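Peer 1: Input run_17.txt, format and content: compact mmCIF, C-alpha atoms.
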# COMPACT_ATOMS: atom_id res chain seq x y z
CA MET A 49 22.73 21.25 -21.60
CA ALA A 50 21.37 17.70 -22.00
CA LYS A 51 22.58 16.80 -18.49
CA ALA A 52 20.66 19.73 -17.11
CA LEU A 53 17.47 18.52 -18.77
CA TYR A 54 17.77 14.81 -18.05
CA GLY A 55 19.82 14.83 -14.87
CA HIS A 56 22.98 12.87 -14.33
CA VAL A 57 22.27 9.65 -16.20
CA GLY A 58 25.52 8.02 -15.12
CA ALA A 59 24.93 8.62 -11.41
CA ALA A 60 24.08 5.62 -9.26
CA PRO A 61 20.48 5.63 -8.01
CA ASP A 62 19.91 6.47 -4.37
CA ARG A 63 19.41 3.28 -2.32
CA ARG A 64 16.69 4.89 -0.20
CA LEU A 65 14.78 5.83 -3.33
CA LEU A 66 15.04 2.28 -4.68
CA ASP A 67 13.84 0.86 -1.36
CA GLU A 68 10.90 3.28 -1.33
CA VAL A 69 9.92 2.39 -4.90
CA THR A 70 10.10 -1.31 -4.06
CA ARG A 71 7.97 -0.80 -0.96
CA LEU A 72 5.41 1.27 -2.86
CA ARG A 73 5.17 -1.29 -5.67
CA SER A 74 4.56 -4.01 -3.10
CA ARG A 75 1.87 -1.89 -1.43
CA VAL A 76 0.17 -1.20 -4.77
CA GLN A 77 0.15 -4.92 -5.54
CA ALA A 78 -1.36 -5.69 -2.12
CA LEU A 79 -4.03 -3.01 -2.62
CA GLU A 80 -4.88 -4.31 -6.09
CA PHE A 81 -5.32 -7.79 -4.60
CA GLU A 82 -7.55 -6.33 -1.87
CA ILE A 83 -9.67 -4.54 -4.51
CA THR A 84 -10.12 -7.81 -6.39
CA ARG A 85 -11.14 -9.63 -3.20
CA LEU A 86 -13.56 -6.88 -2.16
CA ARG A 87 -15.17 -6.79 -5.61
CA ALA A 88 -15.71 -10.55 -5.48
CA ASP A 89 -17.24 -10.24 -2.00
CA ASN A 90 -19.44 -7.39 -3.19
CA ASP A 91 -20.66 -9.41 -6.18
CA ARG A 92 -21.42 -12.38 -3.93
CA LEU A 93 -23.33 -10.22 -1.44
CA ALA A 94 -25.25 -8.43 -4.19
CA ALA A 95 -26.33 -11.77 -5.65
CA ALA A 96 -27.40 -12.97 -2.20
CA ALA A 97 -29.40 -9.78 -1.65
CA VAL A 98 -31.24 -10.26 -4.95
CA GLU A 99 -31.99 -13.84 -3.98
CA VAL A 100 -33.41 -12.74 -0.61
CA ASP A 101 -35.52 -10.06 -2.31
CA ASP A 102 -36.90 -12.69 -4.67
CA LEU A 103 -37.81 -14.95 -1.75
CA LEU A 104 -39.61 -12.12 0.04
CA ARG A 105 -41.84 -11.45 -2.96
CA LEU A 106 -44.12 -14.46 -2.80
CA ALA A 107 -46.51 -14.99 -5.67
CA GLU A 108 -49.20 -16.31 -3.36
CA PRO A 109 -51.11 -13.97 -1.06
CA ALA A 110 -50.54 -14.48 2.63
CA LEU A 111 -53.36 -16.04 4.63
CA THR A 112 -54.87 -13.80 7.26
Could you write out this file's structure as structure tokens?

Peer 2:
Amino acid sequence: MAKALYGHVGAAPDRRLLDEVTRLRSRVQALEFEITRLRADNDRLAAAAVEVDDLLRLAEPALT
């Protein structure tokens, strides 16, 4: 009964399955790195946009 619930514990894992898991783990790691890089870029661009907005709001009135 326990084998039916848990599967064959003593059976060797399928090589294709192990390769797929390894490939997927590598892809997840690459995507997590990409997320980190994109967040850093986004933070940098957001800070630059705030700086540009501040420069556009001059305290002095423009001469006409």

Peer 1: By how many Å are atom CA of A:Asp67 and atom CA of A:Leu86 apart?

Peer 2: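 Distance reported for this atom pair: 28.5 Å.
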
Peer 1: What does the structure give for the distance between atom CA of A:Ala97 and atom CA of A:Ala78, in Å to one decimal?

Peer 2: 28.3 Å

Peer 1: Rounded to one decimal place, report the atom CA of A:Glu80-atom CA of A:Leu65 distance in Å.

Peer 2: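 Straight-line distance from atom CA of A:Glu80 to atom CA of A:Leu65 works out to 22.3 Å.
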